[in-house]
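Participant: You'll find start.csv just under this line, and it carries CSV, C-alpha atoms.
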```csv
chain,number,residue,atom,x,y,z
A,1,MET,CA,59.5,79.9,124.1
A,2,ALA,CA,61.5,77.1,125.6
A,3,ASN,CA,64.2,77.8,123.0
A,4,ARG,CA,64.5,81.4,124.2
A,5,GLU,CA,64.7,80.3,127.8
A,6,ALA,CA,67.4,77.7,126.9
A,7,LEU,CA,69.3,80.4,125.1
A,8,ARG,CA,69.1,82.8,128.0
A,9,ASP,CA,70.3,80.0,130.3
A,10,LEU,CA,73.2,79.3,128.0
A,11,GLN,CA,74.1,82.9,127.8
A,12,ALA,CA,73.9,83.3,131.6
A,13,ARG,CA,76.2,80.3,132.1
A,14,LEU,CA,78.6,81.6,129.5
A,15,ALA,CA,78.6,85.0,131.1
A,16,ASN,CA,79.4,83.5,134.5
A,17,ARG,CA,82.2,81.4,132.9
A,18,LEU,CA,83.6,84.4,131.1
A,19,GLN,CA,83.7,86.3,134.4
A,20,ALA,CA,85.4,83.3,136.1
A,21,ALA,CA,87.9,83.0,133.2
A,22,ARG,CA,88.9,86.6,133.5
A,23,VAL,CA,89.5,86.1,137.2
A,24,GLU,CA,91.4,82.7,136.8
A,25,GLY,CA,93.7,84.1,134.1
A,26,ALA,CA,95.2,82.2,131.1
A,27,ALA,CA,93.4,78.9,131.6
A,28,VAL,CA,90.7,80.0,129.1
A,29,ALA,CA,91.7,82.2,126.2
A,30,TRP,CA,88.8,82.3,123.7
A,31,LEU,CA,85.1,82.6,123.2
A,32,ALA,CA,84.3,80.0,120.5
A,33,VAL,CA,81.5,81.1,118.1
A,34,ARG,CA,79.9,80.0,114.8
A,35,ALA,CA,79.1,82.5,112.0
A,36,GLY,CA,78.2,81.9,108.4
A,37,GLY,CA,79.2,78.3,108.5
A,38,HIS,CA,82.6,79.0,109.9
A,39,ARG,CA,84.1,78.6,113.4
A,40,TYR,CA,85.9,81.5,115.0
A,41,LEU,CA,87.8,82.1,118.2
A,42,LEU,CA,87.4,85.6,119.8
A,43,PRO,CA,90.1,86.4,122.4
A,44,LEU,CA,88.4,86.9,125.8
A,45,GLY,CA,90.5,89.9,126.6
A,46,GLN,CA,89.1,91.7,123.6
A,47,SER,CA,85.5,90.4,123.9
A,48,GLY,CA,82.7,92.0,125.9
A,49,GLU,CA,79.3,90.7,126.8
A,50,ILE,CA,76.9,88.5,124.9
A,51,PHE,CA,73.3,89.6,124.1
A,52,PRO,CA,70.5,88.2,122.0
A,53,LEU,CA,69.9,90.0,118.8
A,54,ALA,CA,66.7,91.9,119.4
A,55,ASN,CA,65.3,95.2,118.4
A,56,LEU,CA,68.0,95.9,115.8
A,57,GLN,CA,67.4,99.2,114.0
A,58,PRO,CA,68.6,99.2,110.4
A,59,VAL,CA,70.6,102.1,109.1
A,60,PRO,CA,70.1,103.1,105.4
A,61,TYR,CA,72.9,103.5,102.9
A,62,THR,CA,75.4,101.3,104.8
A,63,SER,CA,77.4,98.2,103.7
A,64,GLU,CA,75.5,94.9,103.5
A,65,TRP,CA,77.6,93.5,106.5
A,66,PHE,CA,76.6,96.5,108.7
A,67,ARG,CA,73.3,95.2,110.2
A,68,GLY,CA,72.2,98.3,112.1
A,69,VAL,CA,72.3,99.6,115.7
A,70,LEU,CA,71.2,98.3,119.0
A,71,ASN,CA,70.5,99.9,122.3
A,72,ILE,CA,72.5,97.8,124.9
A,73,ARG,CA,72.1,99.0,128.4
A,74,GLY,CA,71.6,102.5,127.3
A,75,GLY,CA,74.5,102.6,124.9
A,76,LEU,CA,74.2,102.7,121.1
A,77,TYR,CA,76.2,99.9,119.4
A,78,GLY,CA,76.8,99.3,115.7
A,79,VAL,CA,76.2,95.7,114.8
A,80,VAL,CA,78.5,94.0,112.2
A,81,ASP,CA,77.6,90.6,110.7
A,82,LEU,CA,80.9,88.8,111.4
A,83,SER,CA,80.7,86.3,108.6
A,84,GLY,CA,79.5,89.0,106.1
A,85,PHE,CA,82.4,91.3,107.0
A,86,VAL,CA,84.9,88.4,106.8
A,87,SER,CA,83.6,87.5,103.4
A,88,ALA,CA,83.6,91.1,102.2
A,89,SER,CA,87.2,91.6,103.3
A,90,GLY,CA,88.4,88.5,101.5
A,91,GLY,CA,88.8,86.2,104.5
A,92,ALA,CA,86.4,83.3,103.8
A,93,GLU,CA,83.4,82.6,101.6
A,94,ARG,CA,80.1,82.9,103.5
A,95,ALA,CA,78.3,79.6,103.8
A,96,GLU,CA,74.7,79.5,104.7
A,97,ALA,CA,74.3,78.5,108.3
A,98,ALA,CA,71.3,76.7,109.8
A,99,PRO,CA,68.7,79.1,111.1
A,100,THR,CA,69.4,80.0,114.7
A,101,GLU,CA,68.7,82.7,117.2
A,102,ALA,CA,71.5,85.1,116.4
A,103,SER,CA,73.4,86.7,119.2
A,104,VAL,CA,75.8,89.6,119.4
A,105,VAL,CA,79.2,89.8,121.2
A,106,THR,CA,80.2,93.3,122.1
A,107,LEU,CA,83.8,94.4,121.8
A,108,ASN,CA,85.6,95.0,125.1
A,109,PRO,CA,85.1,98.7,126.2
A,110,GLN,CA,88.9,99.0,126.3
A,111,LEU,CA,89.0,98.9,122.5
A,112,GLU,CA,87.0,102.1,122.5
A,113,VAL,CA,84.6,101.1,119.8
A,114,ASN,CA,80.9,100.8,120.5
A,115,CYS,CA,80.4,97.8,118.3
A,116,ALA,CA,79.1,94.3,118.5
A,117,VAL,CA,79.6,91.4,116.1
A,118,GLN,CA,76.6,89.3,115.1
A,119,ILE,CA,77.2,85.5,115.3
A,120,ASP,CA,75.0,82.5,114.6
A,121,SER,CA,75.7,80.6,117.7
A,122,LEU,CA,77.9,80.3,120.7
A,123,ALA,CA,80.2,77.2,121.1
A,124,GLY,CA,81.5,77.9,124.6
A,125,LEU,CA,84.9,78.8,126.0
A,126,ARG,CA,88.2,77.3,124.8
A,127,GLY,CA,91.7,77.1,126.2
A,128,ALA,CA,94.9,76.1,124.5
A,129,ASP,CA,94.5,72.6,125.8
A,130,ALA,CA,91.4,72.1,123.6
A,131,PHE,CA,93.5,72.2,120.5
A,132,ALA,CA,95.9,69.6,119.0
A,133,SER,CA,97.8,72.0,116.7
A,134,SER,CA,97.9,75.5,115.4
A,135,THR,CA,99.3,77.2,112.2
A,136,PRO,CA,99.7,80.8,111.2
A,137,ALA,CA,96.9,82.3,109.1
A,138,PRO,CA,97.2,81.5,105.4
A,139,SER,CA,99.1,84.1,103.3
A,140,GLY,CA,96.8,86.6,101.8
A,141,SER,CA,94.4,86.5,104.8
A,142,PRO,CA,93.0,89.6,106.3
A,143,GLU,CA,95.3,91.3,108.9
A,144,TYR,CA,92.9,90.6,111.7
A,145,PHE,CA,93.2,86.8,111.2
A,146,GLY,CA,95.2,85.2,114.0
A,147,ASN,CA,96.3,81.6,114.1
A,148,CYS,CA,94.2,78.6,112.8
A,149,PHE,CA,93.7,76.0,115.5
A,150,VAL,CA,92.7,72.4,115.0
A,151,ASP,CA,90.8,70.9,117.9
A,152,THR,CA,91.2,67.3,119.1
A,153,GLY,CA,88.2,66.4,116.9
A,154,GLY,CA,90.0,67.7,113.7
A,155,VAL,CA,87.8,70.8,113.4
A,156,VAL,CA,89.5,74.0,112.3
A,157,TRP,CA,88.9,77.3,114.2
A,158,GLN,CA,90.1,80.7,113.0
A,159,GLU,CA,91.2,83.2,115.6
A,160,ILE,CA,90.0,86.8,115.0
A,161,ASN,CA,92.0,89.6,116.6
A,162,LEU,CA,89.2,92.0,117.6
A,163,ARG,CA,91.6,94.8,118.3
A,164,THR,CA,93.0,94.7,114.8
A,165,LEU,CA,89.6,94.1,113.3
A,166,SER,CA,88.2,97.2,115.0
A,167,GLN,CA,91.0,99.3,113.4
A,168,THR,CA,90.7,98.0,109.9
A,169,PRO,CA,89.8,100.8,107.4
A,170,LEU,CA,87.0,98.7,105.9
A,171,PHE,CA,85.5,98.0,109.3
A,172,LEU,CA,85.6,101.7,110.1
A,173,SER,CA,83.9,102.7,106.9
A,174,ILE,CA,80.3,101.4,106.9
A,175,SER,CA,78.9,103.4,104.0
A,176,ALA,CA,77.7,101.5,101.0
```
Written as C-alpha coordinates, how would this file's structure read?
Facilitator:
Amino acid sequence: MANREALRDLQARLANRLQAARVEGAAVAWLAVRAGGHRYLLPLGQSGEIFPLANLQPVPYTSEWFRGVLNIRGGLYGVVDLSGFVSASGGAERAEAAPTEASVVTLNPQLEVNCAVQIDSLAGLRGADAFASSTPAPSGSPEYFGNCFVDTGGVVWQEINLRTLSQTPLFLSISA
(Lines of atoms letter the chains of each structure in order from A and count residues from 1; the text may use other names and numbers.)
(Lines give C-alpha, C1' and ligand atoms only; values in the text may rest on other atoms or scores of the structure.)
Protein backbone atom coordinates (compact mmCIF):
# COMPACT_ATOMS: atom_id res chain seq x y z
CA MET A 1 0.00 0.00 0.00
CA ALA A 2 2.86 2.38 0.83
CA ASN A 3 4.40 1.61 -2.57
CA ARG A 4 1.19 2.64 -4.33
CA GLU A 5 1.06 5.90 -2.37
CA ALA A 6 4.72 6.60 -3.15
CA LEU A 7 4.04 5.91 -6.84
CA ARG A 8 1.04 8.25 -6.80
CA ASP A 9 3.14 10.95 -5.13
CA LEU A 10 5.89 10.51 -7.72
CA GLN A 11 3.37 10.68 -10.56
CA ALA A 12 1.78 13.80 -9.08
CA ARG A 13 5.18 15.49 -8.74
CA LEU A 14 6.11 14.52 -12.29
CA ALA A 15 2.77 15.76 -13.62
CA ASN A 16 3.34 19.10 -11.89
CA ARG A 17 6.89 19.28 -13.26
CA LEU A 18 5.64 18.36 -16.74
CA GLN A 19 3.12 21.20 -16.61
CA ALA A 20 5.78 23.62 -15.34
CA ALA A 21 8.20 22.46 -18.05
CA ARG A 22 5.64 23.13 -20.77
CA VAL A 23 5.17 26.64 -19.39
CA GLU A 24 8.91 27.30 -18.97
CA GLY A 25 9.84 26.20 -22.48
CA ALA A 26 13.00 24.48 -23.66
CA ALA A 27 14.71 24.05 -20.28
CA VAL A 28 13.34 20.50 -20.01
CA ALA A 29 12.97 18.48 -23.17
CA TRP A 30 12.29 14.83 -22.29
CA LEU A 31 10.45 12.48 -19.98
CA ALA A 32 12.99 9.78 -19.05
CA VAL A 33 11.57 6.26 -18.69
CA ARG A 34 12.77 2.69 -18.31
CA ALA A 35 11.23 -0.17 -20.26
CA GLY A 36 12.45 -3.73 -20.76
CA GLY A 37 15.88 -3.04 -19.30
CA HIS A 38 16.48 -0.02 -21.57
CA ARG A 39 16.39 3.73 -20.97
CA TYR A 40 14.33 5.92 -23.26
CA LEU A 41 13.69 9.65 -23.66
CA LEU A 42 10.18 10.68 -24.73
CA PRO A 43 9.93 14.28 -26.04
CA LEU A 44 7.70 16.31 -23.74
CA GLY A 45 5.92 17.96 -26.65
CA GLN A 46 4.82 14.54 -27.89
CA SER A 47 4.04 13.00 -24.48
CA GLY A 48 0.76 13.23 -22.68
CA GLU A 49 -0.16 12.22 -19.15
CA ILE A 50 1.14 9.47 -16.90
CA PHE A 51 -1.20 6.91 -15.35
CA PRO A 52 -0.76 3.69 -13.36
CA LEU A 53 -1.48 0.56 -15.38
CA ALA A 54 -4.74 -0.67 -13.91
CA ASN A 55 -7.83 -2.40 -15.28
CA LEU A 56 -6.21 -3.24 -18.61
CA GLN A 57 -8.60 -5.15 -20.85
CA PRO A 58 -6.83 -7.63 -23.16
CA VAL A 59 -7.80 -7.74 -26.83
CA PRO A 60 -7.69 -11.15 -28.51
CA TYR A 61 -5.85 -11.85 -31.77
CA THR A 62 -3.46 -8.92 -31.49
CA SER A 63 0.31 -8.72 -31.56
CA GLU A 64 2.16 -9.69 -28.40
CA TRP A 65 3.32 -6.10 -27.86
CA PHE A 66 -0.27 -4.77 -27.93
CA ARG A 67 -1.29 -5.19 -24.31
CA GLY A 68 -4.97 -4.21 -24.55
CA VAL A 69 -7.15 -1.18 -23.92
CA LEU A 70 -7.63 1.18 -20.99
CA ASN A 71 -10.37 3.58 -20.08
CA ILE A 72 -8.56 6.83 -19.24
CA ARG A 73 -10.85 9.65 -18.18
CA GLY A 74 -13.67 8.27 -20.30
CA GLY A 75 -11.55 7.75 -23.42
CA LEU A 76 -10.50 4.39 -24.81
CA TYR A 77 -6.71 4.06 -25.27
CA GLY A 78 -4.75 1.24 -26.86
CA VAL A 79 -1.75 0.23 -24.73
CA VAL A 80 1.51 -0.71 -26.44
CA ASP A 81 4.33 -2.37 -24.48
CA LEU A 82 7.15 0.01 -25.45
CA SER A 83 10.00 -2.44 -25.00
CA GLY A 84 8.07 -5.25 -26.70
CA PHE A 85 7.32 -3.06 -29.70
CA VAL A 86 10.91 -1.80 -29.98
CA SER A 87 12.13 -5.40 -29.86
CA ALA A 88 9.57 -6.55 -32.46
CA SER A 89 10.56 -3.74 -34.84
CA GLY A 90 14.27 -4.52 -34.61
CA GLY A 91 15.27 -1.66 -32.31
CA ALA A 92 16.72 -3.43 -29.27
CA GLU A 93 16.57 -6.80 -27.64
CA ARG A 94 14.17 -6.94 -24.76
CA ALA A 95 15.89 -7.49 -21.44
CA GLU A 96 13.99 -8.62 -18.40
CA ALA A 97 13.42 -5.72 -16.06
CA ALA A 98 12.99 -5.95 -12.33
CA PRO A 99 9.32 -6.29 -11.39
CA THR A 100 7.80 -2.87 -10.85
CA GLU A 101 4.44 -1.24 -10.91
CA ALA A 102 4.08 -0.46 -14.59
CA SER A 103 2.73 2.86 -15.79
CA VAL A 104 1.48 4.17 -19.08
CA VAL A 105 2.34 7.43 -20.81
CA THR A 106 -0.32 8.66 -23.21
CA LEU A 107 0.67 10.22 -26.48
CA ASN A 108 -0.05 13.92 -26.82
CA PRO A 109 -3.61 14.48 -28.10
CA GLN A 110 -2.15 16.58 -30.94
CA LEU A 111 -0.77 13.35 -32.43
CA GLU A 112 -4.40 12.24 -32.89
CA VAL A 113 -3.78 8.67 -31.76
CA ASN A 114 -5.58 7.37 -28.67
CA CYS A 115 -2.63 5.37 -27.50
CA ALA A 116 -0.44 4.96 -24.46
CA VAL A 117 2.94 3.26 -24.12
CA GLN A 118 3.57 0.94 -21.20
CA ILE A 119 6.80 1.55 -19.30
CA ASP A 120 8.41 -0.18 -16.34
CA SER A 121 9.31 2.97 -14.41
CA LEU A 122 9.67 6.71 -14.59
CA ALA A 123 13.11 8.28 -14.28
CA GLY A 124 12.06 11.95 -14.22
CA LEU A 125 12.54 14.87 -16.54
CA ARG A 126 15.74 15.58 -18.44
CA GLY A 127 17.08 18.61 -20.24
CA ALA A 128 19.98 18.91 -22.63
CA ASP A 129 22.23 19.93 -19.72
CA ALA A 130 21.84 16.42 -18.21
CA PHE A 131 23.84 14.86 -21.06
CA ALA A 132 27.54 14.90 -21.83
CA SER A 133 27.23 13.87 -25.48
CA SER A 134 24.88 12.68 -28.18
CA THR A 135 25.20 10.68 -31.38
CA PRO A 136 22.76 9.88 -34.17
CA ALA A 137 20.86 6.62 -33.94
CA PRO A 138 22.90 3.64 -35.20
CA SER A 139 22.39 2.75 -38.86
CA GLY A 140 19.65 0.19 -39.31
CA SER A 141 17.71 1.52 -36.31
CA PRO A 142 13.96 1.96 -36.56
CA GLU A 143 12.91 5.28 -38.10
CA TYR A 144 11.39 6.45 -34.81
CA PHE A 145 14.75 6.32 -33.01
CA GLY A 146 16.19 9.76 -32.41
CA ASN A 147 19.62 10.55 -31.06
CA CYS A 148 21.41 8.48 -28.43
CA PHE A 149 22.39 10.57 -25.42
CA VAL A 150 25.03 9.75 -22.83
CA ASP A 151 24.41 11.33 -19.44
CA THR A 152 27.10 12.64 -17.12
CA GLY A 153 27.21 9.23 -15.40
CA GLY A 154 27.97 7.42 -18.67
CA VAL A 155 24.48 5.92 -19.04
CA VAL A 156 23.06 5.74 -22.58
CA TRP A 157 19.52 6.98 -23.27
CA GLN A 158 17.70 6.41 -26.57
CA GLU A 159 15.33 9.12 -27.77
CA ILE A 160 12.02 7.88 -29.18
CA ASN A 161 10.17 10.19 -31.58
CA LEU A 162 6.56 9.48 -30.60
CA ARG A 163 5.14 11.28 -33.66
CA THR A 164 7.11 9.03 -36.01
CA LEU A 165 6.40 5.96 -33.85
CA SER A 166 2.65 6.61 -33.99
CA GLN A 167 2.74 6.65 -37.81
CA THR A 168 4.90 3.54 -38.26
CA PRO A 169 2.99 0.88 -40.26
CA LEU A 170 3.81 -1.86 -37.74
CA PHE A 171 2.57 0.33 -34.87
CA LEU A 172 -0.70 0.95 -36.71
CA SER A 173 -1.22 -2.77 -37.43
CA ILE A 174 -1.95 -4.51 -34.15
CA SER A 175 -3.30 -7.78 -35.55
CA ALA A 176 -1.34 -10.93 -34.83
Participant: Which is closest to Ala130 (chain A) among A:Val150, A:Val105, A:Ala54, A:Leu162, if we use only C-alpha atoms?
Facilitator: A:Val150
Participant: Name all residues at most 12 Å from Val113 (chain A) (count all atoms listed in the file; drop same-chain ones fewer than 5 positions away) and give them as a JSON list (two decimals) with C-alpha atoms, keeping the file's coordinate frame.
Facilitator:
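Saved the output as out20.json:
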```json
[["chain", "number", "residue", "atom", "x", "y", "z"],
["A", 46, "GLN", "CA", 89.10, 91.70, 123.60],
["A", 47, "SER", "CA", 85.50, 90.40, 123.90],
["A", 48, "GLY", "CA", 82.70, 92.00, 125.90],
["A", 75, "GLY", "CA", 74.50, 102.60, 124.90],
["A", 76, "LEU", "CA", 74.20, 102.70, 121.10],
["A", 77, "TYR", "CA", 76.20, 99.90, 119.40],
["A", 78, "GLY", "CA", 76.80, 99.30, 115.70],
["A", 79, "VAL", "CA", 76.20, 95.70, 114.80],
["A", 106, "THR", "CA", 80.20, 93.30, 122.10],
["A", 107, "LEU", "CA", 83.80, 94.40, 121.80],
["A", 108, "ASN", "CA", 85.60, 95.00, 125.10],
["A", 162, "LEU", "CA", 89.20, 92.00, 117.60],
["A", 163, "ARG", "CA", 91.60, 94.80, 118.30],
["A", 164, "THR", "CA", 93.00, 94.70, 114.80],
["A", 165, "LEU", "CA", 89.60, 94.10, 113.30],
["A", 166, "SER", "CA", 88.20, 97.20, 115.00],
["A", 167, "GLN", "CA", 91.00, 99.30, 113.40],
["A", 171, "PHE", "CA", 85.50, 98.00, 109.30],
["A", 172, "LEU", "CA", 85.60, 101.70, 110.10]]
```
Participant: From the set A:Leu122, A:Ala12, A:Leu41, A:Val69, which residue has the shortest atom-to-atom contact distance to Gln57 (chain A), counting only C-alpha atoms?
Facilitator: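 Closest to Gln57 (chain A), using only C-alpha atoms: A:Val69.
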Participant: Starting from the point (91.8, 85.4, 124.8), work out which residues of protein, DNA or RNA have an atom no more than 12 Å away when counting only C-alpha atoms; state them as number ranges by chain.
Facilitator: A: 18, 21-22, 25-32, 41-48, 108, 125-128, 146, 159-163
Participant: Between CA of Pro138 (chain A) and CA of Val104 (chain A), measure the distance and give it in Å to one decimal.
Facilitator: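 Answer for the CA of Pro138 (chain A) to CA of Val104 (chain A) separation: 26.8 Å.
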Participant: Please provide the set of residues having any atom within 9 Å of Pro58 (chain A), restricted to only C-alpha atoms, with same-chain residues fewer than 4 positions apart removed, written as a PyMOL selection string.
Facilitator: chain A and resi 66-69
Participant: With C-alpha atoms retained, could you export that selection as a PDB file, in the coordinates of the input?
Facilitator:
```
ATOM      1  CA  PHE A  66      76.600  96.500 108.700  1.00  0.00           C
ATOM      2  CA  ARG A  67      73.300  95.200 110.200  1.00  0.00           C
ATOM      3  CA  GLY A  68      72.200  98.300 112.100  1.00  0.00           C
ATOM      4  CA  VAL A  69      72.300  99.600 115.700  1.00  0.00           C
TER       5      VAL A  69
END
```
